[in-house]
>>> print(open('input_28.txt').read())   # compact mmCIF, C-alpha atoms
# COMPACT_ATOMS: atom_id res chain seq x y z
CA MET A 1 -6.38 -10.16 -23.91
CA ASP A 2 -7.82 -9.45 -20.47
CA LYS A 3 -5.32 -9.86 -17.68
CA LEU A 4 -6.30 -9.71 -14.06
CA ALA A 5 -4.24 -9.00 -10.94
CA VAL A 6 -5.80 -9.38 -7.50
CA LEU A 7 -4.72 -7.77 -4.23
CA ILE A 8 -5.91 -9.41 -1.01
CA THR A 9 -5.63 -7.39 2.21
CA THR A 10 -8.03 -9.29 4.49
CA PRO A 11 -7.16 -12.22 6.82
CA PRO A 12 -8.12 -15.89 6.24
CA TYR A 13 -10.78 -15.84 8.97
CA SER A 14 -12.71 -12.93 7.41
CA ASN A 15 -15.77 -13.43 5.22
CA LEU A 16 -14.36 -10.62 3.04
CA THR A 17 -11.70 -13.12 1.96
CA VAL A 18 -14.40 -15.60 0.91
CA THR A 19 -15.60 -12.94 -1.54
CA ALA A 20 -12.09 -12.49 -2.94
CA ILE A 21 -11.61 -16.22 -3.43
CA ASP A 22 -15.11 -16.66 -4.95
CA TYR A 23 -14.24 -13.85 -7.36
CA ILE A 24 -10.95 -15.53 -8.34
CA GLU A 25 -12.72 -18.87 -8.88
CA ALA A 26 -15.37 -17.22 -11.04
CA ALA A 27 -12.63 -15.55 -13.10
CA LEU A 28 -10.88 -18.90 -13.57
CA ARG A 29 -14.19 -20.50 -14.64
CA LEU A 30 -14.50 -17.76 -17.26
CA ASN A 31 -10.93 -18.45 -18.45
CA VAL A 32 -9.66 -15.05 -17.40
CA ASN A 33 -5.88 -14.89 -17.36
CA ILE A 34 -4.92 -14.14 -13.74
CA VAL A 35 -1.35 -12.83 -13.69
CA GLY A 36 -1.12 -13.23 -9.93
CA VAL A 37 -2.56 -12.65 -6.49
CA PHE A 38 -0.66 -10.38 -4.11
CA PHE A 39 -1.13 -10.70 -0.33
CA TYR A 40 -0.59 -7.45 1.58
CA GLN A 41 -1.55 -6.09 5.00
CA ASP A 42 -3.59 -8.72 6.93
CA GLY A 43 -3.80 -10.75 3.72
CA ALA A 44 -0.25 -11.88 4.56
CA LEU A 45 -1.70 -14.04 7.36
CA HIS A 46 -2.80 -16.61 4.76
CA ALA A 47 0.85 -17.67 4.51
CA ASN A 48 1.12 -18.52 8.22
CA SER A 49 1.18 -22.31 8.38
CA ASN A 50 0.38 -22.15 12.11
CA ILE A 51 -3.08 -20.76 11.53
CA HIS A 52 -5.71 -23.41 12.14
CA ILE A 53 -9.36 -22.72 11.58
CA ALA A 54 -12.05 -25.04 12.92
CA SER A 55 -12.95 -27.66 10.34
CA ASP A 56 -16.59 -26.56 10.13
CA GLU A 57 -15.55 -23.03 9.09
CA TYR A 58 -14.39 -21.75 5.70
CA GLN A 59 -10.91 -23.02 4.80
CA ALA A 60 -9.38 -20.17 2.82
CA VAL A 61 -5.92 -21.68 2.66
CA ALA A 62 -7.17 -25.10 1.54
CA LYS A 63 -9.06 -23.35 -1.26
CA LEU A 64 -6.01 -21.33 -2.29
CA THR A 65 -3.91 -24.51 -2.26
CA GLN A 66 -6.39 -26.19 -4.58
CA LEU A 67 -6.43 -23.22 -6.99
CA HIS A 68 -2.64 -23.01 -6.88
CA GLN A 69 -2.29 -26.69 -7.74
CA GLU A 70 -5.09 -26.94 -10.26
CA PHE A 71 -4.58 -23.68 -12.15
CA GLY A 72 -1.03 -22.72 -11.23
CA LEU A 73 -2.44 -19.60 -9.57
CA ALA A 74 0.56 -17.48 -8.50
CA LEU A 75 0.35 -16.40 -4.85
CA HIS A 76 2.79 -13.61 -3.94
CA LEU A 77 3.46 -12.67 -0.34
CA CYS A 78 4.69 -9.27 0.83
CA ILE A 79 7.55 -10.34 3.06
CA THR A 80 7.53 -7.14 5.13
CA ALA A 81 3.82 -7.51 5.90
CA ALA A 82 4.42 -11.20 6.69
CA GLU A 83 7.35 -10.68 9.08
CA LYS A 84 5.34 -8.06 10.95
CA ARG A 85 2.76 -10.79 11.54
CA GLY A 86 5.12 -13.49 12.79
CA ILE A 87 5.62 -15.31 9.53
CA ALA A 88 9.20 -16.46 9.16
CA CYS A 89 10.44 -17.40 5.73
CA ASP A 90 14.14 -18.18 5.81
CA ALA A 91 17.38 -18.38 7.75
CA LEU A 92 17.26 -14.61 8.41
CA SER A 93 14.39 -15.26 10.79
CA GLU A 94 16.82 -16.67 13.32
CA GLY A 95 15.35 -17.98 16.55
CA SER A 96 11.94 -18.70 15.09
CA ALA A 97 10.90 -21.79 13.20
CA ILE A 98 10.09 -21.31 9.55
CA ASN A 99 6.30 -21.20 9.33
CA ILE A 100 5.54 -20.10 5.79
CA ASN A 101 3.18 -22.12 3.68
CA PRO A 102 5.21 -23.14 0.59
CA ILE A 103 2.38 -22.42 -1.87
CA PHE A 104 3.34 -18.74 -1.47
CA THR A 105 6.17 -17.06 -3.32
CA VAL A 106 8.10 -14.72 -1.07
CA SER A 107 7.97 -11.32 -2.77
CA GLY A 108 8.13 -7.65 -2.02
CA LEU A 109 6.00 -4.71 -3.04
CA GLY A 110 8.06 -4.64 -6.23
CA GLU A 111 6.04 -7.68 -7.30
CA LEU A 112 2.84 -5.65 -6.87
CA VAL A 113 4.35 -3.09 -9.25
CA SER A 114 4.99 -5.75 -11.89
CA LEU A 115 1.54 -7.36 -11.42
CA THR A 116 0.00 -3.91 -11.87
CA THR A 117 1.96 -3.13 -15.02
CA ASN A 118 1.34 -6.62 -16.45
CA SER A 119 -2.42 -6.63 -15.94
CA THR A 120 -5.29 -4.78 -17.57
CA ARG A 121 -7.33 -4.77 -14.33
CA LEU A 122 -6.21 -4.66 -10.72
CA VAL A 123 -8.91 -5.59 -8.22
CA GLN A 124 -8.39 -4.98 -4.52
CA PHE A 125 -10.14 -7.02 -1.84
CA MET B 1 -3.74 16.13 -16.44
CA THR B 2 -1.39 13.33 -15.57
CA THR B 3 -0.83 10.05 -17.37
CA ASN B 4 0.33 8.19 -14.28
CA LEU B 5 -0.28 4.45 -14.08
CA LEU B 6 -1.60 4.26 -10.53
CA ALA B 7 -3.85 6.40 -8.36
CA ILE B 8 -3.92 5.76 -4.63
CA ILE B 9 -6.88 7.06 -2.64
CA ASN B 10 -6.01 7.67 0.98
CA SER B 11 -9.16 7.61 3.07
CA SER B 12 -7.92 6.81 6.58
CA ALA B 13 -6.80 9.08 9.40
CA PRO B 14 -3.11 8.63 10.13
CA TYR B 15 -2.75 6.90 13.51
CA ASN B 16 -5.38 4.35 14.56
CA ARG B 17 -4.52 1.81 11.95
CA ASN B 18 -1.44 1.49 9.83
CA LEU B 19 -3.20 2.07 6.51
CA GLY B 20 -1.61 5.43 5.74
CA LYS B 21 1.90 4.08 6.22
CA GLU B 22 1.16 0.94 4.20
CA SER B 23 -0.27 3.13 1.45
CA LEU B 24 2.86 5.32 1.53
CA ASP B 25 5.06 2.22 1.14
CA VAL B 26 3.10 1.26 -1.98
CA ALA B 27 3.47 4.79 -3.40
CA LEU B 28 7.23 4.91 -2.76
CA ILE B 29 7.84 1.51 -4.32
CA PHE B 30 5.89 2.36 -7.50
CA ALA B 31 7.88 5.59 -7.72
CA SER B 32 11.18 3.76 -7.14
CA PHE B 33 10.32 1.49 -10.07
CA GLU B 34 9.67 4.62 -12.15
CA GLN B 35 5.95 3.94 -12.42
CA GLY B 36 3.98 7.14 -12.10
CA VAL B 37 1.79 7.35 -9.03
CA SER B 38 -0.68 10.03 -7.95
CA LEU B 39 -2.06 10.48 -4.46
CA PHE B 40 -5.65 11.38 -3.67
CA PHE B 41 -6.77 12.34 -0.17
CA GLN B 42 -10.44 12.00 0.63
CA GLY B 43 -12.59 11.55 3.73
CA ASP B 44 -10.54 11.11 6.91
CA GLY B 45 -7.49 10.73 4.67
CA VAL B 46 -7.21 14.53 4.62
CA TYR B 47 -6.09 14.34 8.26
CA GLN B 48 -2.81 12.92 6.93
CA LEU B 49 -2.04 16.32 5.45
CA ILE B 50 -2.89 18.83 8.12
CA ASP B 51 -0.14 20.86 9.69
CA GLN B 52 1.20 20.91 13.27
CA GLN B 53 0.72 17.27 14.23
CA ASN B 54 2.74 15.69 17.06
CA PRO B 55 2.67 11.92 16.57
CA GLN B 56 5.52 11.43 19.10
CA LYS B 57 2.98 12.27 21.84
CA ILE B 58 1.33 8.94 21.14
CA SER B 59 4.52 7.06 20.20
CA ALA B 60 3.47 6.85 16.58
CA LYS B 61 6.12 6.82 13.88
CA ASP B 62 5.98 10.16 12.09
CA TYR B 63 5.65 8.76 8.57
CA LEU B 64 4.02 12.03 7.53
CA LYS B 65 7.52 13.59 7.50
CA THR B 66 8.31 11.33 4.57
CA PHE B 67 5.76 13.25 2.47
CA SER B 68 8.31 16.08 2.30
CA ALA B 69 10.65 13.74 0.38
CA PHE B 70 8.13 13.16 -2.45
CA GLU B 71 10.15 15.41 -4.79
CA PHE B 72 13.01 12.89 -4.71
CA TYR B 73 10.59 10.17 -5.76
CA ASP B 74 9.00 12.29 -8.50
CA ILE B 75 5.64 12.09 -6.78
CA GLU B 76 4.13 15.38 -7.90
CA ASP B 77 0.43 14.79 -8.37
CA ILE B 78 -1.23 15.19 -5.01
CA TYR B 79 -4.93 15.98 -4.85
CA ILE B 80 -7.14 16.80 -1.90
CA CYS B 81 -10.92 16.66 -1.86
CA GLN B 82 -12.20 20.11 -0.98
CA GLU B 83 -15.51 18.81 0.28
CA SER B 84 -13.75 16.51 2.77
CA LEU B 85 -11.90 19.55 4.18
CA THR B 86 -15.08 21.61 4.38
CA VAL B 87 -17.19 19.06 6.27
CA ARG B 88 -14.32 18.63 8.76
CA ASN B 89 -13.99 22.36 9.19
CA LEU B 90 -10.32 22.23 8.15
CA SER B 91 -8.39 25.11 6.66
CA GLU B 92 -5.95 24.62 3.81
CA SER B 93 -2.85 24.55 6.02
CA PHE B 94 -0.91 21.47 5.01
CA HIS B 95 2.51 20.19 6.06
CA ILE B 96 3.59 19.86 2.42
CA ASP B 97 3.41 22.28 -0.50
CA ASN B 98 2.42 21.67 -4.09
CA VAL B 99 -0.87 19.97 -3.35
CA GLN B 100 -4.05 20.73 -5.26
CA VAL B 101 -7.37 21.16 -3.50
CA LEU B 102 -10.12 20.16 -5.90
CA PRO B 103 -13.92 20.16 -5.85
CA PRO B 104 -15.40 16.62 -6.13
CA GLU B 105 -16.08 16.82 -9.90
CA THR B 106 -12.48 17.77 -10.75
CA PHE B 107 -11.14 15.33 -8.15
CA ALA B 108 -13.15 12.59 -9.92
CA LYS B 109 -11.89 13.68 -13.37
CA HIS B 110 -8.27 13.46 -12.28
CA LEU B 111 -8.88 10.08 -10.69
CA ALA B 112 -10.41 8.72 -13.88
CA MET B 113 -7.19 9.53 -15.79
CA HIS B 114 -5.34 6.63 -14.13
CA GLN B 115 -5.20 3.04 -15.35
CA GLN B 116 -5.47 1.36 -11.96
CA ILE B 117 -6.74 2.56 -8.59
CA LEU B 118 -6.04 1.37 -5.05
CA ARG B 119 -7.64 2.70 -1.89
CA PHE B 120 -6.32 2.48 1.66
CA MET C 1 18.05 -12.50 18.18
CA ALA C 2 19.73 -9.25 18.97
CA ILE C 3 23.50 -9.06 19.08
CA THR C 4 25.13 -6.80 21.61
CA LEU C 5 28.04 -4.65 20.58
CA ILE C 6 30.39 -3.36 23.26
CA PHE C 7 31.54 0.18 22.57
CA ASN C 8 33.15 2.55 25.06
CA LYS C 9 32.29 0.04 27.79
CA GLN C 10 28.67 0.51 26.86
CA GLU C 11 26.38 -2.17 25.49
CA ILE C 12 24.87 -1.24 22.13
CA ALA C 13 21.93 -3.37 21.03
CA THR C 14 21.76 -4.35 17.37
CA ASP C 15 19.59 -6.66 15.31
CA LYS C 16 20.89 -9.97 13.98
CA GLN C 17 22.54 -8.28 11.01
CA GLY C 18 24.23 -5.67 13.11
CA TYR C 19 21.92 -2.69 12.54
CA LEU C 20 21.53 -0.45 15.59
CA LEU C 21 18.19 -0.80 17.34
CA ASP C 22 18.37 2.82 18.54
CA HIS C 23 19.78 5.25 16.00
CA LEU C 24 20.35 7.85 18.74
CA GLN C 25 23.23 5.73 20.09
CA TRP C 26 25.11 6.30 16.84
CA SER C 27 28.41 8.15 16.59
CA GLU C 28 31.09 8.29 13.92
CA ALA C 29 33.44 6.29 16.12
CA LEU C 30 30.79 3.59 16.56
CA ALA C 31 30.29 3.48 12.78
CA GLU C 32 34.03 2.81 12.38
CA VAL C 33 33.77 -0.09 14.84
CA MET C 34 30.75 -1.54 13.00
CA ALA C 35 32.59 -1.31 9.68
CA THR C 36 35.75 -2.90 11.12
CA ASN C 37 33.63 -5.80 12.44
CA ASP C 38 32.41 -6.29 8.87
CA LYS C 39 36.01 -5.99 7.53
CA PHE C 40 34.93 -2.91 5.64
CA THR C 41 37.01 0.26 5.36
CA LEU C 42 35.30 3.63 5.30
CA SER C 43 36.87 6.27 3.05
CA ASP C 44 35.92 9.97 2.81
CA GLU C 45 33.67 9.07 -0.12
CA HIS C 46 31.86 6.49 2.03
CA TRP C 47 31.47 9.07 4.79
CA GLU C 48 29.95 11.56 2.36
CA VAL C 49 27.19 9.08 1.54
CA ILE C 50 26.75 7.85 5.12
CA ASN C 51 26.29 11.37 6.44
CA PHE C 52 23.97 12.22 3.60
CA VAL C 53 21.78 9.15 4.22
CA ARG C 54 21.68 9.90 7.94
CA THR C 55 20.62 13.50 7.36
CA PHE C 56 17.99 12.28 4.90
CA TYR C 57 16.62 9.90 7.54
CA LEU C 58 16.59 12.54 10.27
CA THR C 59 14.76 14.92 7.95
CA TYR C 60 12.24 12.58 6.33
CA ASN C 61 11.99 9.66 8.80
CA THR C 62 12.84 7.15 6.12
CA SER C 63 15.97 5.85 4.45
CA PRO C 64 15.96 6.78 0.77
CA ALA C 65 15.50 4.13 -1.92
CA ILE C 66 18.42 4.18 -4.35
CA ARG C 67 16.71 6.30 -6.98
CA ALA C 68 15.58 8.89 -4.44
CA LEU C 69 19.09 8.88 -2.94
CA THR C 70 20.75 9.66 -6.26
CA LYS C 71 18.22 12.37 -7.03
CA ALA C 72 18.69 14.00 -3.63
CA MET C 73 22.50 13.74 -3.87
CA LYS C 74 22.55 15.42 -7.25
CA SER C 75 21.90 18.90 -5.91
CA GLU C 76 24.49 18.53 -3.17
CA PHE C 77 27.33 16.64 -4.86
CA GLY C 78 26.68 17.08 -8.56
CA GLU C 79 25.94 14.73 -11.42
CA GLU C 80 29.04 12.52 -11.10
CA LYS C 81 28.38 11.23 -7.60
CA ALA C 82 24.64 11.05 -8.06
CA SER C 83 24.65 7.78 -9.96
CA SER C 84 23.76 4.32 -8.76
CA ARG C 85 26.94 3.02 -10.44
CA TYR C 86 29.07 5.25 -8.23
CA LEU C 87 27.11 4.25 -5.11
CA TYR C 88 27.32 0.52 -5.84
CA ARG C 89 31.06 0.83 -6.40
CA LEU C 90 31.36 2.29 -2.89
CA PHE C 91 28.88 -0.12 -1.29
CA PRO C 92 28.96 -3.40 -3.25
CA ASP C 93 26.27 -5.04 -1.07
CA GLY C 94 23.89 -2.24 -1.99
CA PRO C 95 24.04 1.39 -0.84
CA ALA C 96 20.59 1.24 0.76
CA LYS C 97 21.63 -1.71 2.95
CA GLN C 98 25.21 -0.80 3.75
CA ALA C 99 25.15 2.99 4.04
CA THR C 100 22.11 2.87 6.34
CA LYS C 101 23.85 0.33 8.54
CA TYR C 102 26.94 2.49 9.18
CA ALA C 103 24.69 5.53 9.48
CA GLY C 104 23.10 3.77 12.46
CA LEU C 105 19.68 3.59 10.84
CA PRO C 106 17.11 0.78 10.91
CA LYS C 107 17.49 -1.95 8.34
CA PRO C 108 15.42 -0.93 5.30
CA ALA C 109 12.30 -3.04 4.75
CA ARG C 110 13.27 -6.11 2.74
CA CYS C 111 10.74 -5.45 0.06
CA ILE C 112 12.02 -1.93 -0.55
CA MET D 1 -14.42 6.03 -19.32
CA SER D 2 -16.34 4.13 -16.70
CA ILE D 3 -15.50 2.88 -13.25
CA LEU D 4 -16.84 -0.16 -11.42
CA HIS D 5 -17.27 0.64 -7.73
CA LEU D 6 -17.28 -2.24 -5.25
CA ILE D 7 -19.05 -1.13 -2.07
CA ARG D 8 -18.13 -3.52 0.73
CA SER D 9 -19.21 -1.65 3.86
CA SER D 10 -22.45 -0.40 5.31
CA ALA D 11 -23.08 3.33 5.08
CA PHE D 12 -24.81 3.11 8.46
CA HIS D 13 -21.36 2.41 9.90
CA ARG D 14 -18.80 4.00 7.59
CA SER D 15 -18.64 6.76 5.01
CA ASP D 16 -17.15 4.74 2.13
CA PHE D 17 -20.38 4.67 0.11
CA GLU D 18 -20.90 8.39 0.60
CA GLN D 19 -17.33 9.09 -0.55
CA CYS D 20 -17.91 6.90 -3.58
CA LEU D 21 -21.04 8.83 -4.50
CA SER D 22 -19.19 12.14 -4.30
CA ILE D 23 -16.96 11.07 -7.19
CA ALA D 24 -19.08 8.56 -9.15
CA GLN D 25 -19.88 9.63 -12.73
CA SER D 26 -23.08 8.94 -14.62
CA ASN D 27 -21.82 5.96 -16.62
CA ASP D 28 -20.22 4.22 -13.65
CA THR D 29 -21.66 1.10 -12.02
CA ILE D 30 -22.02 0.54 -8.30
CA ILE D 31 -21.96 -2.99 -6.91
CA PHE D 32 -23.13 -3.73 -3.39
CA CYS D 33 -21.37 -6.74 -1.95
CA ASP D 34 -20.46 -8.01 1.54
CA ASP D 35 -21.84 -5.57 4.15
CA GLY D 36 -22.33 -3.09 1.33
CA CYS D 37 -25.61 -4.94 0.72
CA TYR D 38 -27.09 -3.17 3.76
CA ASN D 39 -26.95 0.04 1.73
CA LEU D 40 -29.97 -1.19 -0.24
CA SER D 41 -32.14 0.32 2.49
CA HIS D 42 -29.92 3.33 3.23
CA PRO D 43 -31.35 6.78 2.44
CA LEU D 44 -28.37 7.47 0.15
CA THR D 45 -29.57 4.65 -2.11
CA THR D 46 -33.22 5.63 -1.88
CA ASN D 47 -32.31 9.21 -2.86
CA LEU D 48 -30.16 7.98 -5.69
CA LEU D 49 -32.97 5.83 -7.10
CA ALA D 50 -35.34 8.77 -6.93
CA GLN D 51 -33.01 10.85 -9.10
CA GLU D 52 -32.97 10.93 -12.86
CA ASN D 53 -29.46 9.70 -13.43
CA LYS D 54 -27.71 6.98 -15.29
CA LEU D 55 -25.69 5.62 -12.38
CA THR D 56 -26.40 1.88 -12.28
CA ILE D 57 -26.62 -0.05 -9.03
CA LYS D 58 -26.40 -3.83 -8.87
CA VAL D 59 -26.09 -6.21 -5.95
CA LEU D 60 -24.41 -9.59 -5.55
CA GLN D 61 -27.49 -11.75 -5.12
CA ASP D 62 -25.94 -14.33 -2.80
CA HIS D 63 -24.50 -11.62 -0.57
CA ALA D 64 -27.90 -9.96 -0.18
CA GLN D 65 -29.80 -13.22 0.37
CA ALA D 66 -27.27 -14.31 3.00
CA ARG D 67 -28.21 -11.18 4.93
CA ALA D 68 -32.00 -11.56 4.54
CA ILE D 69 -32.08 -8.56 2.26
CA ILE D 70 -34.53 -8.41 -0.62
CA ALA D 71 -33.36 -6.10 -3.37
CA PRO D 72 -35.96 -3.75 -4.86
CA GLN D 73 -37.10 -4.63 -8.40
CA THR D 74 -35.14 -1.71 -9.81
CA ILE D 75 -31.83 -3.15 -8.68
CA GLU D 76 -30.45 -6.11 -10.55
CA GLY D 77 -29.13 -9.07 -8.59
CA ILE D 78 -25.96 -10.50 -10.15
CA THR D 79 -23.69 -13.53 -9.80
CA MET D 80 -19.93 -13.59 -9.20
CA GLU D 81 -19.41 -14.42 -12.90
CA ASP D 82 -21.38 -11.30 -13.79
CA LEU D 83 -19.10 -9.30 -11.51
CA VAL D 84 -16.01 -10.67 -13.27
CA SER D 85 -17.50 -9.71 -16.65
CA LEU D 86 -18.33 -6.22 -15.39
CA THR D 87 -14.70 -5.85 -14.30
CA PHE D 88 -13.71 -5.97 -17.95
CA THR D 89 -16.59 -3.97 -19.43
CA HIS D 90 -15.55 -1.06 -17.20
CA ASP D 91 -12.18 0.67 -17.49
CA LYS D 92 -11.13 0.21 -13.88
CA VAL D 93 -12.29 -0.86 -10.46
CA ILE D 94 -12.30 0.99 -7.14
CA THR D 95 -12.88 -1.02 -3.98
CA TRP D 96 -14.56 0.92 -1.16
CA GLN D 97 -13.99 -1.09 2.00
>>> encode(input="input_28.txt", output="structure tokens")
Amino acid sequence: MDKLAVLITTPPYSNLTVTAIDYIEAALRLNVNIVGVFFYQDGALHANSNIHIASDEYQAVAKLTQLHQEFGLALHLCITAAEKRGIACDALSEGSAININPIFTVSGLGELVSLTTNSTRLVQF
Amino acid sequence: MTTNLLAIINSSAPYNRNLGKESLDVALIFASFEQGVSLFFQGDGVYQLIDQQNPQKISAKDYLKTFSAFEFYDIEDIYICQESLTVRNLSESFHIDNVQVLPPETFAKHLAMHQQILRF
Amino acid sequence: MAITLIFNKQEIATDKQGYLLDHLQWSEALAEVMATNDKFTLSDEHWEVINFVRTFYLTYNTSPAIRALTKAMKSEFGEEKASSRYLYRLFPDGPAKQATKYAGLPKPARCI
Amino acid sequence: MSILHLIRSSAFHRSDFEQCLSIAQSNDTIIFCDDGCYNLSHPLTTNLLAQENKLTIKVLQDHAQARAIIAPQTIEGITMEDLVSLTFTHDKVITWQ
């Protein structure tokens, strides 16, 4: 059985991210088993609930929310990459309001290791 | 030839962006989870290996020093693209030992031995 | 929010969990104060690990993950002390977290 | 053993495509997507097409059309579904970005 893991390293306002999400949607249409999507580097910015993109531009997070709800697509966030970019996830982020989008699972790079070992293909965007 | 799970291609010079450090973090975590990882240096990535650098002059964290700890992480398969050194007029003086300089064909053969490949 | 520790009439800046912000301000006496604040007692065995982790950091610019720590300790202290069981007995909250703290080093990245 | 290479940047700007070519093997497939589509008119591609070799080049059709690029007849335009299928007919993927 084909199992796909996806790594996203580009921010929500980049057209490179549109490609990644189009690819994920195409895989879901083809009934590919996606074991999870891991957000690293600037990809972590997707989890920032304070990011607002003009309504006539591509809404990466709205799309991810839809895929998460409709297909149970697992969205894993590298917490170290996120904190570096002002995304606060829990009480440890004292002094800053929690601003993580709850569709993301707070993870570490260890999750990337398990997605890699549990998939037959790892595709980086 | 190695049977490591993951190959990481390092293609960025060390300081402008944080890619080299973020790549190193991925390598160390795979190794800590006892998943074999091999490192490939190509293009400007070879600048991560050259000797006598002084990152403190530009207030950059010297993550290159961590390369010397690879033995404790069982990271042993480190390959450098010979052609990338040649076009940059670099000699084979690296700040770590036990690296293999390979011509592109052999570099490619080693790369193909891995199940998954990331590039930073 | 940083917390300020007063030591020898000097202000020592730490992060919210008490890790030093500047590892060069570290001294053994300061480590004892940090441990006392945490109600933690440092034995010779703790000191062996703390000093080892600090030397590792100064040499390699990173705090070792547990597996690398045990492997590196093996050549210096032998098989018996180079086990994660031994290290967790000494530092129940995790050797990577606790030993680096009293060694004055930055808090290890949460994902590592 | 075959590798699927995703080329996402223009070789007029960066050396990713050139680095890819230095390691690509004859049964690999190269996909131009994103700004990688601009490589359709790069000399590296023209030279490659002139050679007798089995290296296959394809382009994401929508990505090329978005950029007013018309792929030569010899290069197949593909959809995103095709790209997903190619992911699994090759042994692994390298992203050059």
>>> atom_distance(input="input_28.txt", atom1="CA of Pro72 (chain D)", atom2="CA of Asp22 (chain A)")
24.5 Å
>>> interface_residues(input="input_28.txt", of="chain B", to="chain A", cutoff="7 Å", atoms="all atoms listed in the file", output="count of residues only")
5
>>> residues_around(input="input_28.txt", residues="Val49 (chain C)", least_positions_apart="6", cutoff="12 Å", atoms="all atoms listed in the file", output="PyMOL selection string")
chain C and resi 42-43+55-56+64+66+69-70+72-74+76-77+81-84+86-88+90-91+95-96+98-103
>>> atom_distance(input="input_28.txt", atom1="CA of Glu34 (chain B)", atom2="CA of Tyr79 (chain B)")
19.9 Å
>>> atom_distance(input="input_28.txt", atom1="CA of Lys57 (chain B)", atom2="CA of Gly104 (chain C)")
23.8 Å
>>> closest_residue(input="input_28.txt", among="A:Thr10, A:Ser107, A:Asn15, A:Asn118", to="chain C", atoms="all atoms listed in the file")
A:Ser107
>>> closest_atom_pairs(input="input_28.txt", of="chain B", to="chain D", cutoff="7 Å", atoms="only C-alpha atoms", output="Markdown table")
| residue | atom | partner | partner_atom | distance |
| --- | --- | --- | --- | --- |
| B:Gly43 | CA | D:Gln19 | CA | 6.8 |
| B:Pro104 | CA | D:Ile23 | CA | 5.9 |
| B:Glu105 | CA | D:Ile23 | CA | 6.4 |
| B:Ala108 | CA | D:Ile23 | CA | 4.9 |
| B:Gln115 | CA | D:Lys92 | CA | 6.7 |
| B:Gln116 | CA | D:Lys92 | CA | 6.1 |
| B:Ile117 | CA | D:Ile94 | CA | 6.0 |
| B:Leu118 | CA | D:Ile94 | CA | 6.6 |
| B:Arg119 | CA | D:Thr95 | CA | 6.8 |
>>> residues_near_point(input="input_28.txt", point="(-29.2, 8.1, 0.7)", cutoff="12 Å", atoms="all atoms listed in the file", output="list of chain:residue names")
D:Ser10, D:Ala11, D:Phe12, D:Ser15, D:Phe17, D:Glu18, D:Gln19, D:Leu21, D:Ser22, D:Tyr38, D:Asn39, D:Leu40, D:Ser41, D:His42, D:Pro43, D:Leu44, D:Thr45, D:Thr46, D:Asn47, D:Leu48, D:Leu49, D:Ala50, D:Gln51
>>> write_last_selection(input="input_28.txt", atoms="C-alpha atoms", output="PDB file, in the frame of the given file")
ATOM      1  CA  SER D  10     -22.450  -0.400   5.310  1.00  0.00           C
ATOM      2  CA  ALA D  11     -23.080   3.330   5.080  1.00  0.00           C
ATOM      3  CA  PHE D  12     -24.810   3.110   8.460  1.00  0.00           C
ATOM      4  CA  SER D  15     -18.640   6.760   5.010  1.00  0.00           C
ATOM      5  CA  PHE D  17     -20.380   4.670   0.110  1.00  0.00           C
ATOM      6  CA  GLU D  18     -20.900   8.390   0.600  1.00  0.00           C
ATOM      7  CA  GLN D  19     -17.330   9.090  -0.550  1.00  0.00           C
ATOM      8  CA  LEU D  21     -21.040   8.830  -4.500  1.00  0.00           C
ATOM      9  CA  SER D  22     -19.190  12.140  -4.300  1.00  0.00           C
ATOM     10  CA  TYR D  38     -27.090  -3.170   3.760  1.00  0.00           C
ATOM     11  CA  ASN D  39     -26.950   0.040   1.730  1.00  0.00           C
ATOM     12  CA  LEU D  40     -29.970  -1.190  -0.240  1.00  0.00           C
ATOM     13  CA  SER D  41     -32.140   0.320   2.490  1.00  0.00           C
ATOM     14  CA  HIS D  42     -29.920   3.330   3.230  1.00  0.00           C
ATOM     15  CA  PRO D  43     -31.350   6.780   2.440  1.00  0.00           C
ATOM     16  CA  LEU D  44     -28.370   7.470   0.150  1.00  0.00           C
ATOM     17  CA  THR D  45     -29.570   4.650  -2.110  1.00  0.00           C
ATOM     18  CA  THR D  46     -33.220   5.630  -1.880  1.00  0.00           C
ATOM     19  CA  ASN D  47     -32.310   9.210  -2.860  1.00  0.00           C
ATOM     20  CA  LEU D  48     -30.160   7.980  -5.690  1.00  0.00           C
ATOM     21  CA  LEU D  49     -32.970   5.830  -7.100  1.00  0.00           C
ATOM     22  CA  ALA D  50     -35.340   8.770  -6.930  1.00  0.00           C
ATOM     23  CA  GLN D  51     -33.010  10.850  -9.100  1.00  0.00           C
TER      24      GLN D  51
END
>>> residues_around(input="input_28.txt", residues="region 56-58 of chain D", least_positions_apart="6", cutoff="8 Å", atoms="only C-alpha atoms", output="list in words")
Asn27, Asp28, Thr29, Ile30, Ile31, Phe32, Ile75, Glu76, Gly77 and Ile78 of chain D
>>> interface_residues(input="input_28.txt", of="chain D", to="chain A", cutoff="12 Å", atoms="all atoms listed in the file", output="VMD selection string")
chain D and resid 3 to 9 33 to 36 60 62 to 63 66 79 to 97
>>> interface_residues(input="input_28.txt", of="chain B", to="chain C", cutoff="12 Å", atoms="only C-alpha atoms", output="MDAnalysis selection string")
chainID B and resid 21:22 24:34 60:75 96
>>> residues_near_point(input="input_28.txt", point="(0.1, -20.0, 5.7)", cutoff="9 Å", atoms="only C-alpha atoms", output="PyMOL selection string")
chain A and resi 44-51+61+87+99-104
>>> closest_residue(input="input_28.txt", among="C:Lys97, C:His46, C:Lys16, C:Arg85", to="chain A", atoms="all atoms listed in the file")
C:Lys16
>>> axis_aligned_box(input="input_28.txt", around="region 109-118 of chain B", padding_each_side="8 Å", output="AutoDock Vina command-line options")
--center_x -8.5 --center_y 7.5 --center_z -10.4 --size_x 22.7 --size_y 28.3 --size_z 26.7
